[in-house]
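Peer 1: Got a structure for you, input.tsv, holding TSV, C-alpha atoms.
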```tsv
chain	number	residue	atom	x	y	z
A	26	ASN	CA	0.00	0.00	0.00
A	27	ALA	CA	1.54	3.21	-1.11
A	28	ALA	CA	0.09	5.06	1.85
A	29	HIS	CA	1.80	2.67	4.30
A	30	PRO	CA	5.26	1.71	2.99
A	31	LEU	CA	6.87	-1.48	4.41
A	32	LEU	CA	10.39	-1.27	5.84
A	33	LEU	CA	12.29	-4.53	5.90
A	34	ILE	CA	15.44	-4.62	8.03
A	35	VAL	CA	17.85	-7.55	7.50
A	36	GLU	CA	20.52	-8.08	10.21
A	37	ASP	CA	23.68	-10.07	9.45
A	38	ILE	CA	24.35	-12.33	12.45
A	39	THR	CA	27.00	-14.42	10.76
A	40	THR	CA	29.75	-12.96	12.94
A	41	GLU	CA	27.72	-13.45	16.07
A	42	CYS	CA	27.05	-17.06	15.12
A	43	ARG	CA	30.71	-17.63	14.51
A	44	ILE	CA	31.55	-16.08	17.90
A	45	ARG	CA	28.93	-18.26	19.62
A	46	GLN	CA	30.17	-21.29	17.77
A	47	SER	CA	33.73	-20.46	18.82
A	48	LEU	CA	32.68	-19.96	22.43
A	49	GLN	CA	30.82	-23.25	22.44
A	50	GLN	CA	33.81	-25.00	20.97
A	51	SER	CA	35.99	-23.43	23.67
A	52	ARG	CA	33.53	-24.60	26.33
A	53	ASN	CA	33.63	-28.08	24.89
A	54	GLU	CA	37.41	-28.07	24.86
A	55	ILE	CA	37.54	-26.78	28.45
A	56	THR	CA	35.08	-29.48	29.51
A	57	LEU	CA	37.21	-32.09	27.71
A	58	LEU	CA	40.39	-30.77	29.30
A	59	HIS	CA	38.72	-30.72	32.70
A	60	ASN	CA	37.64	-34.34	32.28
A	61	GLN	CA	41.12	-35.31	31.15
A	62	LEU	CA	42.59	-33.46	34.14
A	63	LEU	CA	40.28	-35.36	36.47
A	64	ILE	CA	41.45	-38.62	34.92
A	65	LYS	CA	45.10	-37.55	35.21
A	66	ASN	CA	44.57	-36.55	38.85
A	67	SER	CA	42.95	-39.87	39.53
A	68	ASP	CA	45.89	-41.68	37.85
A	69	LEU	CA	48.31	-39.52	39.84
A	70	ASP	CA	46.53	-40.31	43.10
A	71	ARG	CA	46.80	-44.03	42.31
A	72	ALA	CA	50.48	-43.63	41.40
A	73	ILE	CA	51.14	-41.74	44.65
A	74	THR	CA	49.33	-44.43	46.61
A	75	GLU	CA	51.37	-47.16	44.90
A	76	LEU	CA	54.57	-45.17	45.43
A	77	ARG	CA	53.83	-44.80	49.14
A	78	LYS	CA	53.09	-48.50	49.32
A	79	SER	CA	56.37	-49.26	47.52
A	80	GLN	CA	58.23	-46.90	49.86
A	81	GLN	CA	56.76	-48.66	52.87
A	82	GLU	CA	57.68	-52.05	51.42
A	83	LEU	CA	61.19	-50.77	50.63
A	84	GLN	CA	61.55	-49.40	54.15
A	85	GLN	CA	60.47	-52.74	55.61
A	86	LEU	CA	62.87	-54.54	53.29
A	87	ASN	CA	65.71	-52.21	54.32
A	88	GLN	CA	64.91	-52.79	57.98
A	89	GLN	CA	64.95	-56.55	57.42
A	90	LEU	CA	68.20	-56.27	55.46
A	91	GLU	CA	69.82	-54.10	58.14
A	92	SER	CA	68.71	-56.57	60.78
A	93	LYS	CA	70.22	-59.47	58.84
A	94	VAL	CA	73.43	-57.51	58.20
A	95	ARG	CA	73.73	-56.76	61.94
A	96	GLU	CA	73.04	-60.37	62.76
A	97	ARG	CA	75.61	-61.67	60.24
A	98	THR	CA	78.14	-59.05	61.35
A	99	GLU	CA	77.72	-60.10	64.98
A	100	GLN	CA	78.09	-63.75	63.98
A	101	LEU	CA	81.20	-62.94	61.94
A	102	GLU	CA	82.71	-60.87	64.76
A	103	SER	CA	81.94	-63.66	67.21
A	104	SER	CA	83.52	-66.25	64.90
A	105	THR	CA	86.53	-64.01	64.31
A	106	MET	CA	87.01	-63.45	68.04
A	107	LEU	CA	86.70	-67.18	68.67
A	108	ALA	CA	89.20	-67.97	65.91
A	109	ARG	CA	91.52	-65.31	67.31
A	110	ARG	CA	91.30	-66.75	70.83
A	111	LEU	CA	91.92	-70.27	69.55
A	112	PHE	CA	94.85	-69.05	67.48
A	113	GLU	CA	96.38	-67.17	70.43
A	114	GLN	CA	95.80	-70.15	72.72
A	115	THR	CA	97.47	-72.48	70.22
A	116	VAL	CA	100.49	-70.18	69.89
A	117	ASN	CA	100.75	-69.84	73.68
A	118	SER	CA	100.45	-73.61	74.10
A	119	LEU	CA	103.30	-74.19	71.66
A	120	MET	CA	105.37	-71.58	73.48
A	121	MET	CA	104.65	-73.11	76.89
A	122	ALA	CA	105.41	-76.62	75.64
A	123	LEU	CA	109.02	-75.58	75.11
A	124	GLU	CA	109.32	-73.60	78.32
A	125	LYS	CA	108.14	-76.61	80.34
A	126	ARG	CA	111.34	-78.33	79.16
A	127	ASP	CA	113.61	-75.41	79.99
A	128	SER	CA	112.73	-73.60	83.21
A	129	TYR	CA	115.70	-71.27	82.87
A	130	THR	CA	114.27	-69.67	79.74
A	131	ALA	CA	110.67	-69.60	80.93
A	132	GLY	CA	109.20	-66.36	79.72
A	133	HIS	CA	112.04	-65.79	77.24
A	134	GLN	CA	109.90	-66.16	74.13
A	135	GLU	CA	107.15	-63.93	75.55
A	136	ARG	CA	109.64	-61.20	76.49
A	137	VAL	CA	111.34	-61.41	73.08
A	138	SER	CA	107.90	-61.15	71.47
A	139	VAL	CA	107.04	-57.97	73.42
A	140	LEU	CA	110.44	-56.37	72.77
A	141	ALA	CA	110.45	-57.25	69.06
A	142	ALA	CA	106.96	-55.76	68.63
A	143	ALA	CA	108.10	-52.58	70.42
A	144	ILE	CA	111.13	-52.27	68.11
A	145	ALA	CA	108.87	-52.78	65.07
A	146	ARG	CA	106.56	-49.97	66.23
A	147	GLU	CA	109.57	-47.71	66.82
A	148	LEU	CA	110.50	-48.41	63.18
A	149	GLU	CA	106.94	-47.30	62.29
A	150	LEU	CA	106.00	-50.59	60.66
A	151	ASP	CA	102.30	-51.19	60.05
A	152	GLU	CA	100.31	-53.00	62.75
A	153	LYS	CA	99.82	-56.12	60.63
A	154	THR	CA	103.60	-56.55	60.34
A	155	VAL	CA	104.02	-55.79	64.04
A	156	GLU	CA	101.51	-58.53	64.87
A	157	GLY	CA	103.39	-61.02	62.68
A	158	ILE	CA	106.64	-60.17	64.49
A	159	ARG	CA	104.90	-60.59	67.86
A	160	ILE	CA	103.67	-64.06	66.92
A	161	ALA	CA	107.06	-65.07	65.49
A	162	GLY	CA	108.68	-63.88	68.73
A	163	LYS	CA	106.50	-66.22	70.74
A	164	LEU	CA	107.51	-69.16	68.56
A	165	HIS	CA	111.09	-68.35	67.57
A	166	ASP	CA	112.68	-71.05	69.77
A	167	LEU	CA	110.03	-73.70	69.14
A	168	GLY	CA	112.61	-75.88	67.37
A	169	LYS	CA	114.42	-76.38	70.69
A	170	ILE	CA	111.80	-79.05	71.39
A	171	TYR	CA	114.15	-81.24	69.33
A	172	VAL	CA	117.14	-80.35	71.53
A	173	PRO	CA	117.78	-82.56	74.58
A	174	SER	CA	116.85	-80.71	77.76
A	175	ASP	CA	120.28	-81.55	79.23
A	176	PHE	CA	121.84	-79.32	76.57
A	177	LEU	CA	119.46	-76.46	77.34
A	178	THR	CA	120.04	-76.55	81.10
A	179	LYS	CA	123.77	-77.46	81.09
A	180	PRO	CA	125.64	-75.18	83.55
A	181	ASP	CA	128.96	-75.63	81.74
A	182	PRO	CA	129.97	-74.44	78.24
A	183	LEU	CA	128.58	-76.60	75.44
A	184	SER	CA	130.78	-78.83	73.35
A	185	GLU	CA	130.95	-78.21	69.61
A	186	GLU	CA	128.78	-81.28	69.02
A	187	GLU	CA	126.17	-80.10	71.54
A	188	PHE	CA	126.18	-76.60	70.09
A	189	SER	CA	125.71	-78.01	66.57
A	190	VAL	CA	122.55	-79.73	67.79
A	191	ILE	CA	121.25	-76.46	69.28
A	192	ARG	CA	122.03	-74.70	65.99
A	193	THR	CA	119.41	-76.92	64.30
A	194	HIS	CA	116.54	-75.31	66.19
A	195	PRO	CA	115.70	-72.60	63.60
A	196	ARG	CA	115.33	-75.24	60.90
A	197	VAL	CA	113.30	-77.54	63.16
A	198	GLY	CA	111.04	-74.62	64.08
A	199	PHE	CA	110.59	-73.85	60.39
A	200	ASP	CA	109.67	-77.49	59.67
A	201	ILE	CA	107.04	-77.42	62.44
A	202	LEU	CA	105.53	-74.09	61.39
A	203	GLN	CA	105.80	-74.08	57.59
A	204	ASN	CA	102.49	-75.86	56.97
A	205	ILE	CA	100.50	-73.57	59.27
A	206	GLU	CA	98.71	-70.92	57.20
A	207	PHE	CA	99.76	-67.81	59.10
A	208	PRO	CA	98.90	-64.45	57.50
A	209	TRP	CA	102.60	-63.58	57.97
A	210	PRO	CA	105.87	-65.37	57.04
A	211	VAL	CA	106.25	-66.69	60.60
A	212	ALA	CA	108.08	-69.89	59.61
A	213	SER	CA	110.64	-67.95	57.56
A	214	ILE	CA	111.16	-65.38	60.34
A	215	VAL	CA	111.81	-68.22	62.80
A	216	LEU	CA	114.17	-69.87	60.29
A	217	GLN	CA	116.24	-66.69	59.87
A	218	HIS	CA	116.35	-65.24	63.38
A	219	HIS	CA	119.97	-66.41	63.94
A	220	GLU	CA	121.24	-65.16	60.57
A	221	ARG	CA	123.69	-62.26	60.75
A	222	MET	CA	124.29	-59.28	58.46
A	223	ASP	CA	127.88	-60.35	57.63
A	224	GLY	CA	126.87	-63.93	56.78
A	225	SER	CA	128.29	-65.42	60.00
A	226	GLY	CA	124.90	-66.62	61.25
A	227	TYR	CA	123.03	-69.89	60.80
A	228	PRO	CA	121.53	-72.07	59.37
A	229	PHE	CA	122.33	-70.71	55.86
A	230	GLY	CA	124.78	-67.86	56.38
A	231	LEU	CA	122.47	-65.33	54.73
A	232	GLU	CA	123.62	-61.73	54.37
A	233	ARG	CA	121.95	-58.30	54.66
A	234	LYS	CA	119.22	-57.99	52.00
A	235	ASP	CA	118.65	-61.75	51.96
A	236	ILE	CA	117.42	-61.64	55.57
A	237	LEU	CA	113.84	-60.63	56.31
A	238	LEU	CA	113.46	-57.36	58.21
A	239	GLU	CA	111.24	-59.20	60.70
A	240	ALA	CA	114.07	-61.69	61.35
A	241	LYS	CA	116.57	-58.83	61.81
A	242	ILE	CA	114.28	-57.32	64.44
A	243	LEU	CA	113.83	-60.66	66.17
A	244	ALA	CA	117.62	-61.21	66.21
A	245	VAL	CA	118.21	-57.99	68.15
A	246	ALA	CA	115.33	-58.60	70.57
A	247	ASP	CA	116.51	-62.18	71.14
A	248	ALA	CA	120.11	-61.13	71.81
A	249	ILE	CA	119.15	-58.36	74.25
A	250	GLU	CA	116.68	-60.51	76.19
A	251	ALA	CA	119.14	-63.43	76.40
A	252	MET	CA	121.88	-61.21	77.83
A	253	ALA	CA	119.51	-59.36	80.17
A	254	THR	CA	118.42	-62.54	81.99
A	255	ASN	CA	120.31	-65.26	83.83
A	256	ARG	CA	121.26	-68.51	82.14
A	257	PRO	CA	122.45	-71.86	83.61
A	258	TYR	CA	125.98	-71.13	82.39
A	259	ARG	CA	126.27	-67.44	83.43
A	260	ILE	CA	124.81	-64.60	85.43
A	261	SER	CA	123.23	-61.83	83.37
A	262	PRO	CA	125.62	-58.93	82.71
A	263	GLY	CA	122.56	-56.63	82.75
A	264	ILE	CA	120.52	-54.65	80.25
A	265	ASP	CA	123.14	-51.93	79.77
A	266	GLU	CA	125.77	-54.45	78.79
A	267	ALA	CA	123.24	-56.14	76.49
A	268	LEU	CA	122.55	-52.83	74.72
A	269	ASN	CA	126.28	-52.11	74.45
A	270	ASP	CA	126.82	-55.54	72.93
A	271	VAL	CA	124.24	-55.12	70.15
A	272	MET	CA	125.59	-51.63	69.43
A	273	LYS	CA	129.10	-53.09	69.24
A	274	TYR	CA	127.98	-55.49	66.52
A	275	SER	CA	125.69	-53.03	64.75
A	276	GLY	CA	126.27	-53.33	61.00
A	277	SER	CA	128.23	-56.58	61.26
A	278	TRP	CA	125.79	-58.89	63.05
A	279	TYR	CA	122.75	-56.69	63.50
A	280	ASP	CA	120.89	-54.25	61.27
A	281	PRO	CA	121.94	-50.67	62.28
A	282	GLU	CA	118.40	-49.26	61.97
A	283	VAL	CA	117.03	-52.01	64.19
A	284	VAL	CA	119.78	-51.46	66.77
A	285	LYS	CA	119.07	-47.71	66.71
A	286	ALA	CA	115.36	-48.36	67.30
```
Here is the file; what I need is its structure written in the form of structure tokens.

Peer 2:
Amino acid sequence: NAAHPLLLIVEDITTECRIRQSLQQSRNEITLLHNQLLIKNSDLDRAITELRKSQQELQQLNQQLESKVRERTEQLESSTMLARRLFEQTVNSLMMALEKRDSYTAGHQERVSVLAAAIARELELDEKTVEGIRIAGKLHDLGKIYVPSDFLTKPDPLSEEEFSVIRTHPRVGFDILQNIEFPWPVASIVLQHHERMDGSGYPFGLERKDILLEAKILAVADAIEAMATNRPYRISPGIDEALNDVMKYSGSWYDPEVVKA
């Protein structure tokens, strides 16, 4: 109708639709991410629970392991102490077996052992070596078991034949000890304790570098202790004279560093 014109307004909502569509898509993505996050949190909670359970099991296992280690360590220490006592008792029994035959030298091997160990410490040798010297000192005259007791207690000077028998005692001691599995060369120390630096000793006439340091130490300790105590054939000249004697033969019979110590 010309008198009443019609106005038609057309609005373009394409952009608005796109914005709404984009917002909806964002909401959907957020919802999806939220759901995924819930799942991840649930998985994480389970993992944390399992981890705590594993930690508890590991802690229990460690406690059991520590308990077993303590138990085994105590058993080992107990066994080691027992073995040590048996070893020391065996050594002392061998030492006493000889001294029962020769009352004049009772205590000689023990005193030589203590003195030799003291010299070794003065030379700053390690404790393992010192212990080996101490044990060798206790057993150094073991071979005298082979020597008739009449020779050992004779108040008069020995004949050459009698002295030759006594000179066998380092070798006899070696033969007795060589098959014992000491952690030190005890048998060889015993064998060499009457060797001298200039080759005048016995049984092999070894010289200087061919003689074990442990045997050189034992030689000095043995000589000093023998002179410092009474014997059937003489009264002790005393410790001062014994020290003077080893100093007199320092370098010829005895190792100078050992004598100095």

Peer 1: So the first atom is atom CA of Val271 of chain A and the second is atom CA of Leu140 of chain A; what is the distance between them in Å, to one decimal place?

Peer 2: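 It comes out at 14.1 Å.
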
Peer 1: Just checking: using all atoms listed in the file, which residue out of A:Phe199, A:Trp209, A:Val284, A:Pro180 ends up closest to Asn255 of chain A?

Peer 2: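 The shortest atom-to-atom distance to Asn255 of chain A comes from A:Pro180.
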
Peer 1: Which distance in Å separates atom CA of Pro210 of chain A and atom CA of Ser275 of chain A, to one decimal?

Peer 2: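 Going from atom CA of Pro210 of chain A over to atom CA of Ser275 of chain A, I get 24.6 Å.
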
Peer 1: Do you know which residues are at most 10 Å from segment 233-244 of chain A counting only C-alpha atoms, after dropping those on the same chain fewer than 5 positions away, and could you put them as an mmCIF file with C-alpha atoms, in the coordinates of the input?

Peer 2:
```
data_model
loop_
_atom_site.group_PDB
_atom_site.id
_atom_site.type_symbol
_atom_site.label_atom_id
_atom_site.label_comp_id
_atom_site.auth_asym_id
_atom_site.auth_seq_id
_atom_site.Cartn_x
_atom_site.Cartn_y
_atom_site.Cartn_z
ATOM 1 C CA VAL A 137 111.340 -61.410 73.080
ATOM 2 C CA SER A 138 107.900 -61.150 71.470
ATOM 3 C CA LEU A 140 110.440 -56.370 72.770
ATOM 4 C CA ALA A 141 110.450 -57.250 69.060
ATOM 5 C CA ALA A 142 106.960 -55.760 68.630
ATOM 6 C CA ALA A 143 108.100 -52.580 70.420
ATOM 7 C CA ILE A 144 111.130 -52.270 68.110
ATOM 8 C CA ALA A 145 108.870 -52.780 65.070
ATOM 9 C CA LEU A 148 110.500 -48.410 63.180
ATOM 10 C CA THR A 154 103.600 -56.550 60.340
ATOM 11 C CA VAL A 155 104.020 -55.790 64.040
ATOM 12 C CA GLY A 157 103.390 -61.020 62.680
ATOM 13 C CA ILE A 158 106.640 -60.170 64.490
ATOM 14 C CA ARG A 159 104.900 -60.590 67.860
ATOM 15 C CA ALA A 161 107.060 -65.070 65.490
ATOM 16 C CA GLY A 162 108.680 -63.880 68.730
ATOM 17 C CA HIS A 165 111.090 -68.350 67.570
ATOM 18 C CA PRO A 210 105.870 -65.370 57.040
ATOM 19 C CA VAL A 211 106.250 -66.690 60.600
ATOM 20 C CA SER A 213 110.640 -67.950 57.560
ATOM 21 C CA ILE A 214 111.160 -65.380 60.340
ATOM 22 C CA VAL A 215 111.810 -68.220 62.800
ATOM 23 C CA LEU A 216 114.170 -69.870 60.290
ATOM 24 C CA GLN A 217 116.240 -66.690 59.870
ATOM 25 C CA HIS A 218 116.350 -65.240 63.380
ATOM 26 C CA HIS A 219 119.970 -66.410 63.940
ATOM 27 C CA GLU A 220 121.240 -65.160 60.570
ATOM 28 C CA ARG A 221 123.690 -62.260 60.750
ATOM 29 C CA MET A 222 124.290 -59.280 58.460
ATOM 30 C CA ASP A 223 127.880 -60.350 57.630
ATOM 31 C CA GLY A 224 126.870 -63.930 56.780
ATOM 32 C CA ILE A 249 119.150 -58.360 74.250
ATOM 33 C CA VAL A 271 124.240 -55.120 70.150
ATOM 34 C CA GLY A 276 126.270 -53.330 61.000
ATOM 35 C CA SER A 277 128.230 -56.580 61.260
ATOM 36 C CA TRP A 278 125.790 -58.890 63.050
ATOM 37 C CA TYR A 279 122.750 -56.690 63.500
ATOM 38 C CA ASP A 280 120.890 -54.250 61.270
ATOM 39 C CA PRO A 281 121.940 -50.670 62.280
ATOM 40 C CA GLU A 282 118.400 -49.260 61.970
ATOM 41 C CA VAL A 283 117.030 -52.010 64.190
ATOM 42 C CA VAL A 284 119.780 -51.460 66.770
ATOM 43 C CA ALA A 286 115.360 -48.360 67.300
#
```

Peer 1: Adding 5 Å on each side of the box along x, y and z that holds all listed atoms of segment 96-108 of chain A, could you give its centre and edge lengths in Å to one decimal, as lines of an AutoDock Vina configuration file?

Peer 2:
```
center_x = 81.1
center_y = -63.5
center_z = 64.5
size_x = 26.2
size_y = 18.9
size_z = 18.4
```

Peer 1: Residues at most 9 Å from Ala253 of chain A, counting all atoms listed in the file, excluding those fewer than 4 positions away in the same chain, as an NGL selection string?

Peer 2: :A and (248-249 or 261-267)

Peer 1: Hey, which of A:Gln134, A:Asn87, A:Thr178, A:Thr254 ends up closest to Leu164 of chain A? Count only C-alpha atoms.

Peer 2: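 Of A:Gln134, A:Asn87, A:Thr178, A:Thr254, the one nearest Leu164 of chain A, counting only C-alpha atoms, is A:Gln134.
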
Peer 1: Interatomic distance between atom CA of Val245 of chain A and atom CA of Glu156 of chain A?

Peer 2: 17.0 Å

Peer 1: Could you extract segment 172-209 of chain A of the given structure into a file holding N, CA and C atoms, as a compact mmCIF listing (two decimals), in the first residue's frame?

Peer 2:
```txt
# COMPACT_ATOMS: atom_id res chain seq x y z
N VAL A 172 115.86 -80.34 70.83
CA VAL A 172 117.14 -80.35 71.53
C VAL A 172 116.98 -81.02 72.89
N PRO A 173 117.87 -81.94 73.26
CA PRO A 173 117.78 -82.56 74.58
C PRO A 173 117.79 -81.51 75.68
N SER A 174 116.96 -81.70 76.69
CA SER A 174 116.85 -80.71 77.76
C SER A 174 118.16 -80.57 78.52
N ASP A 175 118.98 -81.63 78.55
CA ASP A 175 120.28 -81.55 79.23
C ASP A 175 121.16 -80.48 78.59
N PHE A 176 121.05 -80.34 77.27
CA PHE A 176 121.84 -79.32 76.57
C PHE A 176 121.36 -77.92 76.94
N LEU A 177 120.04 -77.78 77.07
CA LEU A 177 119.46 -76.46 77.34
C LEU A 177 119.72 -75.99 78.76
N THR A 178 119.86 -76.91 79.68
CA THR A 178 120.04 -76.55 81.10
C THR A 178 121.46 -76.82 81.60
N LYS A 179 122.39 -77.13 80.70
CA LYS A 179 123.77 -77.46 81.09
C LYS A 179 124.45 -76.23 81.70
N PRO A 180 125.01 -76.35 82.90
CA PRO A 180 125.64 -75.18 83.55
C PRO A 180 127.02 -74.87 83.00
N ASP A 181 127.61 -75.81 82.28
CA ASP A 181 128.96 -75.63 81.74
C ASP A 181 128.88 -75.27 80.25
N PRO A 182 129.96 -74.74 79.68
CA PRO A 182 129.97 -74.44 78.24
C PRO A 182 129.66 -75.69 77.41
N LEU A 183 128.96 -75.49 76.33
CA LEU A 183 128.58 -76.60 75.44
C LEU A 183 129.76 -77.03 74.59
N SER A 184 129.79 -78.34 74.30
CA SER A 184 130.78 -78.83 73.35
C SER A 184 130.35 -78.42 71.95
N GLU A 185 131.28 -78.55 71.00
CA GLU A 185 130.95 -78.21 69.61
C GLU A 185 129.83 -79.09 69.08
N GLU A 186 129.83 -80.35 69.47
CA GLU A 186 128.78 -81.28 69.02
C GLU A 186 127.43 -80.87 69.61
N GLU A 187 127.41 -80.52 70.90
CA GLU A 187 126.17 -80.10 71.54
C GLU A 187 125.66 -78.80 70.93
N PHE A 188 126.59 -77.87 70.67
CA PHE A 188 126.18 -76.60 70.09
C PHE A 188 125.64 -76.79 68.67
N SER A 189 126.20 -77.76 67.93
CA SER A 189 125.71 -78.01 66.57
C SER A 189 124.29 -78.53 66.59
N VAL A 190 123.93 -79.26 67.64
CA VAL A 190 122.55 -79.73 67.79
C VAL A 190 121.62 -78.54 68.07
N ILE A 191 122.06 -77.65 68.96
CA ILE A 191 121.25 -76.46 69.28
C ILE A 191 121.07 -75.58 68.04
N ARG A 192 122.10 -75.53 67.19
CA ARG A 192 122.03 -74.70 65.99
C ARG A 192 120.98 -75.20 64.98
N THR A 193 120.45 -76.40 65.21
CA THR A 193 119.41 -76.92 64.30
C THR A 193 118.03 -76.36 64.62
N HIS A 194 117.89 -75.67 65.76
CA HIS A 194 116.54 -75.31 66.19
C HIS A 194 115.81 -74.35 65.25
N PRO A 195 116.47 -73.42 64.55
CA PRO A 195 115.70 -72.60 63.60
C PRO A 195 115.09 -73.43 62.47
N ARG A 196 115.85 -74.40 61.99
CA ARG A 196 115.33 -75.24 60.90
C ARG A 196 114.21 -76.15 61.39
N VAL A 197 114.35 -76.69 62.59
CA VAL A 197 113.30 -77.54 63.16
C VAL A 197 112.03 -76.71 63.38
N GLY A 198 112.19 -75.51 63.90
CA GLY A 198 111.04 -74.62 64.08
C GLY A 198 110.35 -74.32 62.76
N PHE A 199 111.15 -74.09 61.73
CA PHE A 199 110.59 -73.85 60.39
C PHE A 199 109.80 -75.07 59.92
N ASP A 200 110.36 -76.26 60.11
CA ASP A 200 109.67 -77.49 59.67
C ASP A 200 108.33 -77.67 60.39
N ILE A 201 108.28 -77.29 61.67
CA ILE A 201 107.04 -77.42 62.44
C ILE A 201 105.99 -76.41 61.97
N LEU A 202 106.45 -75.19 61.65
CA LEU A 202 105.53 -74.09 61.39
C LEU A 202 105.18 -73.88 59.92
N GLN A 203 105.95 -74.45 59.01
CA GLN A 203 105.80 -74.08 57.59
C GLN A 203 104.44 -74.45 56.99
N ASN A 204 103.79 -75.45 57.52
CA ASN A 204 102.49 -75.86 56.97
C ASN A 204 101.30 -75.21 57.66
N ILE A 205 101.57 -74.33 58.62
CA ILE A 205 100.50 -73.57 59.27
C ILE A 205 100.26 -72.32 58.45
N GLU A 206 99.02 -72.05 58.08
CA GLU A 206 98.71 -70.92 57.20
C GLU A 206 98.59 -69.62 58.00
N PHE A 207 99.73 -69.12 58.45
CA PHE A 207 99.76 -67.81 59.10
C PHE A 207 99.56 -66.72 58.05
N PRO A 208 98.99 -65.57 58.44
CA PRO A 208 98.90 -64.45 57.50
C PRO A 208 100.21 -63.66 57.43
N TRP A 209 101.27 -64.19 58.01
CA TRP A 209 102.60 -63.58 57.97
C TRP A 209 103.63 -64.69 57.71
```
